[in-house]
Each structure stands twice: as C-alpha cells, then as structure tokens.
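To keep things clear, I will list the structure first and then write my remarks on it.
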Amino acid sequence: MNADERVKAVLGEMAEAGIEAIIAVCGSVHAFQKPNAVFLLSGVRSLGDAFVVLRDRGDSTLVVSPAWDACRARERSKTTVTDGAADIREALVAAVERIGLPPAKIGIVGLDSLSLAMGTWLLRALGNGARRFDAEFLRAARRKIAEEIANAERATRIAEQGWETLLSTARPGMHELELATEICGRMTALGADDNFLMLSASQHARAVRPPSRRILEAGDIILCEISPGFDGQFSQICRTALVGELPGIFETKYELLREAVRRGMKTAVPGASVAEVVRAMNLILEEAGYAEFCVPPHMRARGHGLGVGSISPGDLTADNKNILDRDMVFVIHPNQYMPETGYMMCGEPVVVTDAGARALTTRLATLDRIAIRQ
Amino acid sequence: MSAAISMQTMQPVLLYGQYEWDQNWLPADEFEARLGIVRRVMADRGWKGVVVHGDSQENGLLCYLTNFIPNQRWGLALIGADGPPRLIVSVGSRDLPAVRKQTWVQDIRATSDIVSALGSWLQEVFDKSHAGSGPGKIGFADAERMRFDVAGKALDACRGFAEVEDASPALVAITRSKRPREIALLRLSYRCLHVALGEVERVWRNGGDDRAALLAGERSARIAGAQDVRMLCSVDGTGALRPIACESPSPSRAGPVEPWTVYFALRRGGYWAEAMVTMTGAPSPAQRAARRALESAAASVHAGISCRDLLGRMEADRGSYAGHPILGSGACRASGRALDGEPWMRADSDEALVENGVYTIAAGVGGGDTGHVLLSTTVLARAAGHEILWPAAAAA
C-alpha cells in the first residue's frame with residue numbers, strides 16, 4: 001500500500017459514512033502508542049498543533065504551527081498544499097469556513113490528542129453536528145504503507161546498532177544514565193528522530209524502569225527496551241544482557257521467551273486475532289508452569305503497535321479481538337517475570353505477511369553477555 | 001497586539017534523565033514552604049482544594065509543588081487546605097517505585113481512572129470541610145492544557161463537588177519570584193549549559209556537521225545530569241529553525257551553514273536553562289549590534305522595569321536591521337520553570353519584571369547580507385540591579 005492508496009481507503013470510508021470532508025488534528029505531544037492522524041495523512045510529525053483537511057475529492061491541506069516550521073513540513077508532506085500558521089486557532093476557523101459544509105458532513109479525527117483549549121475551540125468552530133470519525137479513519141489506515149515499513153526497517157537497524165553499542169560500552173562502575181546517553185546518542189547519530197528508551201539493571205527486577213544513576217555491577221541483568229523512530233516511524237527491540245557470568249538457568253528460561261516470540265510470529269497471519277497470537281505465546285509459558293505469572297503485574301502486554309502513525313493492532317492482550325491484516329507492524333515481546341530469574345525482556349518488531357509475521361531484525365534476541373574487563 | 005512568538009521544540013515521546021529527588025538541593029522543608037504559600041492563596045480565594053495538572057510537555061507547576069515530572073502522560077497534585085498532598089499519576093502500578101524516587105510526596109496513586117481518583121479525594125476534602133457550608137470552590141491549574149478526553153472527565157468530576165476556578169494565574173504568579181534554592185539550581189543549570197554549548201561550538205569550529213555538534217552538546221549536558229535537552233538550529237539560511245536531531249540526514253546539507261544559529265535548552269534539577277547563539281567565522285556588524293543591544297538591555301534590568309522599557313532600550317541600540325523571522329527584533333520571557341509554554345513578550349508589553357524573577361532576553365536580526373542572527377542573555381532581576389546567568393558575550 002502507498003500513501004495514495006491509504007487516502008483512497010479513507011475516502012471510501014468517508015463516502016460510506018456520508019462525510020465530505022475530514023479535519024484530522026494532532027497536538028504537540030506525540031506518543032508512539034497512540035495514533036497520529038495528521039502524520040497518517042501527511043507524513044509530517046509536527047512541532048506544534050497541526051491539522052489536515054481532506055476533501056472527498058481527494059485534495060488535502062496540511063497546516064502546521066509554528067508558522068516557521070512550514071519549510072520543514074513542505075519537504076516531507078504528502079498533502080496537496082502545506083502551510084504554516086502563526087495562530088493555529090485562527091487557521092482552523094478559516095479552514096472550517098473554507099470547507100463550507102454543514103457540520104454533519106464533516107468528520108473529526110484525533111480530537112482527543114488536542115488540549116482542552118484547542119479541542120473546545122475546534123468544536124466551537126465546527127458547530128453542533130460534526131462527527132467523530134476516528135474508528136473509520138483508523139480502520140482505513142490500519143496497514144502501514146511501503147514507506148512506513150521501510151522506515152520501520154531503518155529504525156530497527158538503528159535499534160540493533162544501539163544494542164550493539166550497549167554491549168560494547170556497558171561495564172561495571174558506569175551508571176545507567178551514562179549508558180543510556182551513549183546509546184541514545186549513537187542512535188541519533190545514525191538517524192533516529194526520537195527514542196522511547198527504557199533501560200535498567202538489577203540483580204532481580206520485577207519490571208524494566210527508566211534509567212537512573214544506579215551503578216552497574218557484576219551479576220546484573222540489564223533490561224532494555226530500545227525504540228528509535230526514523231522519519232516518524234518507530235520500531236522496538238527488547239533485549240536482556242547479563243553482566244559477567246550467571247547460572248545456566250537464565251539461558252534456559254530465556255529460551256522460553258524466544259520460543260514464545262517464534263510461536264507468536266507463526267500465529268500472526270492475516271485473519272488471525274490478536275487474542276490468538278497472545279494465546280499461542282502464553283501457552284509455552286503456561287506449559288512451563290508460569291500460568292500465574294502471565295498476567296499483570298508480572299508482565300504488561302505481549303506486544304503493541306508502533307506509531308507515530310497507525311498503532312494497529314493495538315496492545316497484544318488476551319482480550320484484544322482485533323484481526324490482523326497484512327502490513328501491520330507491531331512488536332511481539334513476551335517480556336516476563338519469572339521467580340528464578342526476575343524480569344527478562346525479549347522482543348522483535350514484525351510485519352504481518354501471508355506466511356506469518358516477518359521479523360524486521362537481522363537476528364532474533366539472544367541472552368547476551370557483557371564480559372567483565374579486568 | 002503583535003503576533004505571538006513561538007520557539008517550539010520537538011517534544012520527545014519519553015523523557016529520560018536524572019529525575020530522582022535530590023534532597024541536598026531541595027529538601028522537604030522547601031516543598032512544605034511552597035505548599036504553605038499555595039494554601040495562603042487558597043484561603044484568599046476560598047478554594048477548599050487545588051488540583052494541579054502537569055504532563056511530560058508542561059509540568060512547571062506540578063514540578064514546583066511535588067518535584068515530579070511525568071516522563072510520559074500526566075500527573076495531578078491534589079492539595080487540600082491541610083494534610084499532606086496527594087499525587088495521582090498515569091502509570092501502571094508496577095511503575096510506582098520509580099515515581100516514588102522522584103518526589104517528596106508520599107501519598108502516590110497510580111491510576112488510569114481519573115474520575116474515581118479525583119472523586120475520592122474531593123469526597124475527603126468536602127467531608128473534612130464543614131457540612132452545610134455551601135458547595136464551595138476549588139482551584140484547577142493547567143486544565144486548559146490537559147488532553148481533551150481526560151480534561152472533560154476531570155472537570156466533570158470536580159464540578160460534581162464544587163465550582164471550579166482557574167488556578168493557573170495565581171499559582172504561576174507565585175513561581176515568578178525565585179526562591180534562594182531555586183536560584184542556586186538555576187545557576188547550576190546555566191553552568192551546565194555553558195559547558196554543553198562550549199562542546200557544540202568546539203565540534204562545529206573543528207569542522208563537525210551540525211548534527212555532530214549538537215549531539216556533542218547533548219551528551220555533555222546529559223553526562224552532567226540534564227533531565228531533558230532540546231535543540232533547534234538553522235539549516236538553510238531562511239531563518240527557520242529545525243529540530244535537527246529529529247531530521248534524517250538531508251543530502252542537500254553538505255556541511256555547516258554560516259552563520260549557524262542554535263537554540264539550546266536543558267533542564268537540570270527541574271529548572272530550564274536556555275540560550276540562543278549564532279556562530280560564525282567572524283561576527284558581522286549585525287551580530288555585533290545585536291550583542292550590544294542585548295548587553296545594554298541586560299545592564300538595565302532591575303525589578304519593576306517593564307518589557308516596554310527594557311526592549312525599547314534594546315531597540316535603540318540594535319540599529320536599523322530587520323527583525324528575525326521568528327523573533328522579530330527582540331523579546332523577553334520569564335525563564336526557568338517552563339519552556340515551550342512560557343510566552344514571549346514584545347516591546348508593546350507593559351508587564352514588569354519581578355524581583356528575583358529570571359528572564360531570557362533575546363535579540364534577532366533577519367536576512368539580507370547579514371544572515372539571520374539570534375542571540376540571548378538570561379538575567380536574574382534584583383530589587384536594585386541584576387545578576388547575569390547567561391551573558392550575551394557567550395552568544396556570539
């Protein structure tokens with residue numbers, strides 16, 4: 001699928017709903033696990049509040065704020081017209097007036113991503129009767145386009161290089177934040193435009209946490225969730241490394257997580273539900289005697305979508321009945337607490353293909369070791 | 001009123017840095033004192049309680065009262081007329097241990113259900129206050145910035161108990177005048193900034209490209225304890241700035257662009273330090289004029305001076321150069337507590353600088369033979385006089 005095909009799919013949903021124009025909005029706070037409708041239509045991650053107007057004829061206009069960011073937006077935007085606004089509220093009002101349609105013919109997407117002030121302003125400008133169109137829009141945009149998949153692959157390469165940097169840099173005596181700084185810096189130098197990084201070390205963890213000034217020590221288990229973005233598309237790998245030598249039980253238990261990833265990937269075919277994928281992943285752990293640990297707080301979810309655009313299929317949880325489709329991109333991560341080892345992390349970003357999910361990584365996670373240099 | 005200025009940076013999806021509560025710098029009695037001030041405001045206004053919102057983007061008030069900075073999503077500080085404050089955070093329960101290390105507040109609750117979290121607190125507040133004394137009022141700070149879906153639920157929950165008034169102006173006013181410990185932290189932040197920008201300049205002058213230079217500065221800042229680092233720079237001579245770390249390499253940019261303007265901000269210990277610098281081989285006449293204008297403005301800073309007078313003085317010294325496309329010829333804003341949300345004031349503003357307030361004054365020159373120039377200085381306004389936290393001389 002390409003950007004034009006995505007727009008066509010959205011237009012199809014609009015026609016079905018009797019909508020003649022949509023206003024897709026986003027605020028300045030981006031979350032890689034929440035969908036960004038402006039990014040989905042334009043390919044632009046905005047600095048400030050922004051919106052896209054898409055007409056049923058297929059023409060579209062992106063307006064970004066602040067106005068001086070229009071140059072950057074124009075280089076990237078897939079919309080017909082791209083403009084900047086010094087006052088985004090006034091620009092919204094003007095756009096609504098230009099649309100010139102009754103509210104019932106206008107759909108809003110992304111209202112919840114705005115601040116109260118901006119959202120209220122938008123609704124006032126539209127008047128009563130404008131409809132929320134999020135569900136239909138996100139249904140149309142659930143698959144990644146070829147460019148996003150390619151960017152997810154680039155982001156994955158960067159993530160893997162970030163992990164390699166961690167393995168070559170980490171040593172007892174340095175603190176977590178120092179290590180996080182080095183690997184984030186490396187990833188940004190490689191082209192990452194953002195990073196959702198969790199990194200922590202301990203002798204026995206219940207969960208991963210943000211990096212702190214805790215000093216690395218021999219016998220630590222380093223947990224890492226590395227999620228760089230490339231041109232607005234995030235990827236994520238989950239990895240675990242042991243500092244020095246630890247008992248073989250860690251390898252044994254880690255192999256359970258690797259098998260859970262493999263089973264999840266095999267089950268993730270178009271038409272399967274997320275719940276089926278989760279069941280397949282949980283089964284290996286349940287069979288190994290960890291059924292009581294396959295629920296929060298011992299784990300969170302078995303994976304999730306990867307924004308900034310579409311986050312389909314959502315969180316990989318046992319009650320998620322969303323159906324997988326080709327070209328959905330998400331992370332499969334059976335990160336898990338086990339009493340013998342503590343929390344360990346293992347996860348791969350995948351794209352759904354007809355033959356099952358294909359990992360975007362060059363190698364599946366292994367339990368890595370950091371030798372203690374004398 | 002002239003158009004608003006925006007020096008917007010790219011908000012990261014997740015903040016990382018040194019967020020643990022450092023009692024050496026801000027012991028519990030500091031927060032208790034701040035709480036006391038808020039309670040006096042509450043009594044003056046008849047508020048039975050105050051709700052203070054903050055999210056990962058804007059959290060100055062939340063941080064001021066609790067030391068907590070949400071690394072993603074939001075937090076609410078709930079302050080009653082007496083008793084310890086409560087902190088509600090939008091995290092999973094297994095993330096609470098990490099939150100506890102960041103704040104002096106002991107009553108911390110993780111929730112995704114803002115309605116019941118607020119409702120149960122408000123029930124306690126209004127049970128405590130005398131029954132039959134009327135519906136009462138509460139103050140709510142930063143509601144306008146809350147996410148639309150969350151804000152609606154939060155305000156509805158509050159209105160079920162009391163009339164809700166906007167507490168932001170009153171609470172922001174409290175934070176304008178910096179307390180001694182805050183000033184000490186700001187000095188530390190600016191020392192950290194000085195070193196970081198020194199690294200940026202060193203790499204740039206040794207031939208490194210803009211990304212390499214900025215990353216060197218960020219690394220320096222983070223190793224020194226920065227909680228957050230934001231960077232913008234010029235790339236194409238149009239005056240526009242870009243979040244360069246958020247750009248995949250552009251094939252059209254072969255190397256550093258001269259003059260090269262950088263906006264660099266870092267947060268350390270909860271306090272932002274920011275600067276605009278313009279680097280060139282040799283300062284142009286426009287750059288020298290902008291610097292003179294800044295130094296002249298800085299020299300005139302004292303508590304009580306209005307932005308109109310301050311920036312008017314700068315206008316007289318900067319010559320007839322055109323203004324910068326983003327900043328115009330000059331602007332000023334309160335600095336330290338917040339970043340992108342802190343508004344810039346122009347020469348038509350009569351807002352006066354407060355005693356012990358910290359202000360960034362910026363000068364801009366745009367286009368023509370001079371290229372675009374942005375410079376800044378940051379000053380602490382004293383009753384009579386001032387202290388320079390970031391000198392204009394560091395900027396050119």
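Chain identifiers are assigned as A, B, and so on, following the order in which chains appear in the structure tokens; residues are numbered from 1 within each chain, and ligands are numbered from 1 in order of appearance.
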Closest contacts (chain B/chain A, max 8 Å, only C-alpha atoms) as a tab-separated table:
residue	atom	partner	partner_atom	distance
B:Ala3	CA	A:Ala86	CA	7.3
B:Ala4	CA	A:Ala86	CA	7.2
B:Ser6	CA	A:Pro66	CA	6.3
B:Gln8	CA	A:Leu47	CA	6.5
B:Thr9	CA	A:Leu47	CA	6.3
B:Met10	CA	A:Leu47	CA	5.2
B:Gln11	CA	A:Val29	CA	5.9
B:Pro12	CA	A:Asp194	CA	6.2
B:Val13	CA	A:Ala31	CA	5.2
B:Leu14	CA	A:Phe196	CA	5.3
B:Tyr16	CA	A:Pro210	CA	6.7
B:Gly17	CA	A:Leu177	CA	6.6
B:Gln18	CA	A:Ser212	CA	6.3
B:Tyr19	CA	A:Ser212	CA	7.7
B:Glu20	CA	A:Ser212	CA	7.7
B:Gln57	CA	A:Val29	CA	6.8
B:Ser93	CA	A:Pro297	CA	7.5
B:Arg94	CA	A:Pro297	CA	6.2
B:Asp95	CA	A:Arg209	CA	7.1
B:Ala98	CA	A:Arg209	CA	6.8
B:Ala143	CA	A:Leu116	CA	7.2
B:Glu144	CA	A:Ala117	CA	4.9
B:Arg145	CA	A:Ser115	CA	4.8
B:Met146	CA	A:Ser115	CA	5.3
B:Arg147	CA	A:Ser115	CA	4.5
B:Phe148	CA	A:Leu116	CA	4.3
B:Asp149	CA	A:Asp112	CA	5.1
B:Ala151	CA	A:Leu116	CA	6.2
B:Gly152	CA	A:Leu116	CA	7.6
B:Arg211	CA	A:Ala189	CA	7.2
B:Ala212	CA	A:Ala189	CA	7.1
B:Leu215	CA	A:Gly185	CA	6.5
B:Arg219	CA	A:Thr181	CA	6.5
B:Arg222	CA	A:Thr181	CA	6.7
B:Ile223	CA	A:Glu178	CA	6.3
B:Ala240	CA	A:Trp68	CA	5.4
B:Leu241	CA	A:Asp69	CA	7.4
B:Arg242	CA	A:Arg72	CA	7.3
B:Ala245	CA	A:Asp193	CA	5.7
B:Cys246	CA	A:Asp193	CA	3.8
B:Glu247	CA	A:Asp193	CA	6.0
B:Ser248	CA	A:Gly191	CA	5.1
B:Pro249	CA	A:Gly191	CA	6.8
B:Pro325	CA	A:Trp68	CA	7.8
B:Ile326	CA	A:Trp68	CA	6.8
Same residues, N, CA and C atoms, saved as a compact mmCIF listing (two decimals), in the first residue's frame:
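Dumped everything to again-v7.txt:
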# COMPACT_ATOMS: atom_id res chain seq x y z
N ALA B 3 1.89 39.67 16.74
CA ALA B 3 1.72 38.22 16.67
C ALA B 3 2.58 37.53 17.72
N ALA B 4 2.07 36.38 18.21
CA ALA B 4 2.80 35.64 19.24
C ALA B 4 4.07 35.05 18.65
N SER B 6 6.84 32.01 18.80
CA SER B 6 6.91 30.62 19.27
C SER B 6 8.29 30.05 19.01
N GLN B 8 9.16 26.82 19.53
CA GLN B 8 8.67 25.49 19.88
C GLN B 8 9.73 24.44 19.61
N THR B 9 9.94 23.56 20.56
CA THR B 9 10.86 22.44 20.34
C THR B 9 10.06 21.16 20.13
N MET B 10 10.72 20.10 19.66
CA MET B 10 10.04 18.84 19.44
C MET B 10 9.95 18.08 20.76
N GLN B 11 8.74 17.74 21.16
CA GLN B 11 8.53 17.01 22.41
C GLN B 11 8.91 15.55 22.20
N PRO B 12 9.85 15.00 22.99
CA PRO B 12 10.17 13.58 22.84
C PRO B 12 9.01 12.70 23.33
N VAL B 13 8.93 11.48 22.83
CA VAL B 13 7.84 10.61 23.27
C VAL B 13 8.05 10.13 24.71
N LEU B 14 9.31 10.10 25.15
CA LEU B 14 9.60 9.67 26.52
C LEU B 14 10.80 10.46 27.02
N TYR B 16 13.97 11.03 29.42
CA TYR B 16 14.87 10.25 30.27
C TYR B 16 15.96 11.18 30.79
N GLY B 17 16.42 10.90 31.98
CA GLY B 17 17.42 11.76 32.59
C GLY B 17 17.40 11.58 34.09
N GLN B 18 18.04 12.50 34.77
CA GLN B 18 18.19 12.40 36.22
C GLN B 18 16.99 13.01 36.92
N TYR B 19 16.01 12.19 37.21
CA TYR B 19 14.76 12.70 37.76
C TYR B 19 14.57 12.43 39.25
N GLU B 20 15.51 11.70 39.85
CA GLU B 20 15.32 11.36 41.26
C GLU B 20 15.39 12.61 42.13
N GLN B 57 5.09 17.42 28.71
CA GLN B 57 5.49 18.62 27.97
C GLN B 57 5.54 19.85 28.88
N SER B 93 0.73 0.20 38.02
CA SER B 93 1.13 0.07 39.43
C SER B 93 2.58 -0.36 39.56
N ARG B 94 3.10 -1.12 38.58
CA ARG B 94 4.48 -1.58 38.73
C ARG B 94 5.49 -0.47 38.43
N ASP B 95 5.00 0.67 37.97
CA ASP B 95 5.89 1.82 37.73
C ASP B 95 5.96 2.75 38.93
N ALA B 98 9.40 3.65 40.73
CA ALA B 98 10.23 4.66 40.06
C ALA B 98 9.69 6.06 40.33
N ALA B 143 -5.75 23.23 33.51
CA ALA B 143 -6.81 22.42 32.90
C ALA B 143 -6.86 22.61 31.40
N GLU B 144 -6.60 23.87 30.96
CA GLU B 144 -6.72 24.17 29.53
C GLU B 144 -5.77 23.34 28.69
N ARG B 145 -4.69 22.89 29.29
CA ARG B 145 -3.69 22.14 28.54
C ARG B 145 -3.87 20.64 28.62
N MET B 146 -4.76 20.20 29.49
CA MET B 146 -4.97 18.75 29.62
C MET B 146 -5.48 18.20 28.30
N ARG B 147 -5.19 16.93 28.05
CA ARG B 147 -5.72 16.28 26.87
C ARG B 147 -7.25 16.32 26.91
N PHE B 148 -7.82 16.50 25.75
CA PHE B 148 -9.25 16.78 25.64
C PHE B 148 -10.09 15.72 26.35
N ASP B 149 -9.78 14.44 26.10
CA ASP B 149 -10.62 13.39 26.67
C ASP B 149 -10.48 13.34 28.19
N ALA B 151 -9.42 15.83 30.19
CA ALA B 151 -9.86 17.08 30.82
C ALA B 151 -11.35 17.08 31.07
N GLY B 152 -12.10 16.64 30.08
CA GLY B 152 -13.55 16.64 30.24
C GLY B 152 -13.98 15.84 31.45
N ARG B 211 24.66 18.16 13.12
CA ARG B 211 24.15 17.08 13.96
C ARG B 211 25.22 16.64 14.96
N ALA B 212 26.45 16.45 14.47
CA ALA B 212 27.54 16.00 15.35
C ALA B 212 27.78 17.02 16.46
N LEU B 215 24.87 16.90 18.99
CA LEU B 215 24.91 15.67 19.78
C LEU B 215 26.02 15.72 20.82
N ARG B 219 25.26 15.30 24.73
CA ARG B 219 25.98 14.30 25.54
C ARG B 219 26.58 14.96 26.77
N ARG B 222 23.84 15.77 29.29
CA ARG B 222 23.25 14.60 29.97
C ARG B 222 24.26 13.98 30.94
N ILE B 223 25.51 13.94 30.56
CA ILE B 223 26.51 13.40 31.50
C ILE B 223 26.57 14.26 32.75
N ALA B 240 14.42 29.94 9.48
CA ALA B 240 13.66 28.91 10.18
C ALA B 240 14.63 28.02 10.97
N LEU B 241 14.14 27.50 12.06
CA LEU B 241 14.94 26.58 12.86
C LEU B 241 14.34 25.18 12.74
N ARG B 242 15.16 24.19 12.95
CA ARG B 242 14.66 22.82 12.86
C ARG B 242 15.17 22.02 14.04
N ALA B 245 17.98 17.00 15.53
CA ALA B 245 18.08 15.59 15.92
C ALA B 245 16.88 14.81 15.43
N CYS B 246 15.85 15.50 15.02
CA CYS B 246 14.65 14.85 14.52
C CYS B 246 14.62 14.82 13.00
N GLU B 247 15.72 15.01 12.39
CA GLU B 247 15.78 15.03 10.94
C GLU B 247 16.61 13.87 10.45
N SER B 248 16.12 13.11 9.50
CA SER B 248 17.04 12.18 8.84
C SER B 248 17.95 13.01 7.96
N PRO B 249 19.17 12.60 7.75
CA PRO B 249 20.11 13.47 7.04
C PRO B 249 19.58 13.93 5.69
N PRO B 325 12.88 36.42 11.39
CA PRO B 325 11.56 35.90 11.04
C PRO B 325 10.81 35.25 12.21
N ILE B 326 11.53 34.68 13.15
CA ILE B 326 10.85 34.04 14.28
C ILE B 326 10.64 35.02 15.42
Requested in this report: Could you tell me, as a PyMOL selection string, which residues of stretch 84-308 of chain A DSSP assigns to alpha helix (DSSP H) when given the backbone?
Outcome: chain A and resi 88-99+116-126+134-140+146-169+176-189+249-267+274-287
Query raised in the report: Excluding same-chain residues fewer than 6 positions from A:His304, what lies within 6 Å of it counting only C-alpha atoms, as a ChimeraX atom specification?
Result: /A:314-316,330-331
Report task. For B:Leu389, work out the shell of residues within 7 Å, counting only C-alpha atoms and skipping chain neighbours fewer than 5 positions away, then give it as a list in words. Result ->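 That gives Arg187, Tyr190, Thr378, Val379 and Leu380 of chain B.
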Could those residues be written to a file, using N, CA and C atoms, as a PDB file, in the first residue's frame?
ATOM      1  N   ARG B 187      21.519  28.585  38.661  1.00  0.00           N
ATOM      2  CA  ARG B 187      22.948  28.839  38.381  1.00  0.00           C
ATOM      3  C   ARG B 187      23.613  27.543  37.926  1.00  0.00           C
ATOM      4  N   TYR B 190      22.665  26.762  34.381  1.00  0.00           N
ATOM      5  CA  TYR B 190      23.351  27.607  33.394  1.00  0.00           C
ATOM      6  C   TYR B 190      24.833  27.260  33.282  1.00  0.00           C
ATOM      7  N   THR B 378      20.374  35.768  29.736  1.00  0.00           N
ATOM      8  CA  THR B 378      19.410  35.455  30.801  1.00  0.00           C
ATOM      9  C   THR B 378      19.850  36.160  32.071  1.00  0.00           C
ATOM     10  N   VAL B 379      18.891  36.801  32.689  1.00  0.00           N
ATOM     11  CA  VAL B 379      19.214  37.703  33.795  1.00  0.00           C
ATOM     12  C   VAL B 379      18.286  37.448  34.976  1.00  0.00           C
ATOM     13  N   LEU B 380      18.848  37.535  36.167  1.00  0.00           N
ATOM     14  CA  LEU B 380      18.061  37.479  37.399  1.00  0.00           C
ATOM     15  C   LEU B 380      17.842  38.930  37.834  1.00  0.00           C
TER      16      LEU B 380
END
Query - For A:Gly309: contacts at 7 Å, only C-alpha atoms, fewer than 2 positions along chain excluded, given as a PyMOL selection string - result: chain A and resi 35-37+39-40+307+311
Give the strand (DSSP E) residues of stretch 154-315 of chain A, as DSSP finds them on the backbone, and put them as a PDB file with C-alpha atoms, in the first residue's frame.
ATOM      1  CA  ASP A 194      13.287  10.104  18.735  1.00  0.00           C
ATOM      2  CA  ASN A 195      13.587   7.211  21.143  1.00  0.00           C
ATOM      3  CA  PHE A 196      11.400   5.507  23.719  1.00  0.00           C
ATOM      4  CA  LEU A 197      14.160   4.065  25.828  1.00  0.00           C
ATOM      5  CA  MET A 198      13.771   2.065  28.990  1.00  0.00           C
ATOM      6  CA  LEU A 199      16.984   0.737  30.468  1.00  0.00           C
ATOM      7  CA  SER A 200      17.625  -0.609  33.917  1.00  0.00           C
ATOM      8  CA  ALA A 201      19.896  -3.007  35.682  1.00  0.00           C
ATOM      9  CA  SER A 202      19.488  -5.002  38.829  1.00  0.00           C
ATOM     10  CA  ILE A 221      20.720  -8.259  34.490  1.00  0.00           C
ATOM     11  CA  ILE A 222      20.420  -5.321  32.107  1.00  0.00           C
ATOM     12  CA  LEU A 223      16.946  -4.884  30.670  1.00  0.00           C
ATOM     13  CA  CYS A 224      16.446  -2.741  27.640  1.00  0.00           C
ATOM     14  CA  GLU A 225      13.548  -1.606  25.523  1.00  0.00           C
ATOM     15  CA  ILE A 226      15.041   0.291  22.608  1.00  0.00           C
ATOM     16  CA  SER A 227      12.526   2.106  20.414  1.00  0.00           C
ATOM     17  CA  PRO A 228      14.019   4.558  17.949  1.00  0.00           C
ATOM     18  CA  GLY A 229      11.969   6.360  15.355  1.00  0.00           C
ATOM     19  CA  PHE A 230      13.008   7.025  11.775  1.00  0.00           C
ATOM     20  CA  GLN A 233       8.012   5.534  12.265  1.00  0.00           C
ATOM     21  CA  PHE A 234       9.035   3.764  15.457  1.00  0.00           C
ATOM     22  CA  ILE A 237      13.509  -4.368  20.221  1.00  0.00           C
ATOM     23  CA  CYS A 238      13.539  -5.811  23.729  1.00  0.00           C
ATOM     24  CA  ARG A 239      16.795  -7.259  24.959  1.00  0.00           C
ATOM     25  CA  THR A 240      18.467  -8.666  28.040  1.00  0.00           C
ATOM     26  CA  ALA A 241      22.145  -8.863  28.876  1.00  0.00           C
ATOM     27  CA  LEU A 242      23.951 -10.423  31.808  1.00  0.00           C
ATOM     28  CA  VAL A 243      26.942  -8.661  33.298  1.00  0.00           C
ATOM     29  CA  GLY A 303       3.423  -6.533  22.414  1.00  0.00           C
ATOM     30  CA  HIS A 304       1.825  -3.479  20.851  1.00  0.00           C
ATOM     31  CA  GLY A 305       1.534  -1.345  17.775  1.00  0.00           C
TER      32      GLY A 305
END
Report task. Between atom CA of B:Gly136 and atom CA of B:Val105, measure the distance and give it in Å to one decimal. Result -> 25.7 Å
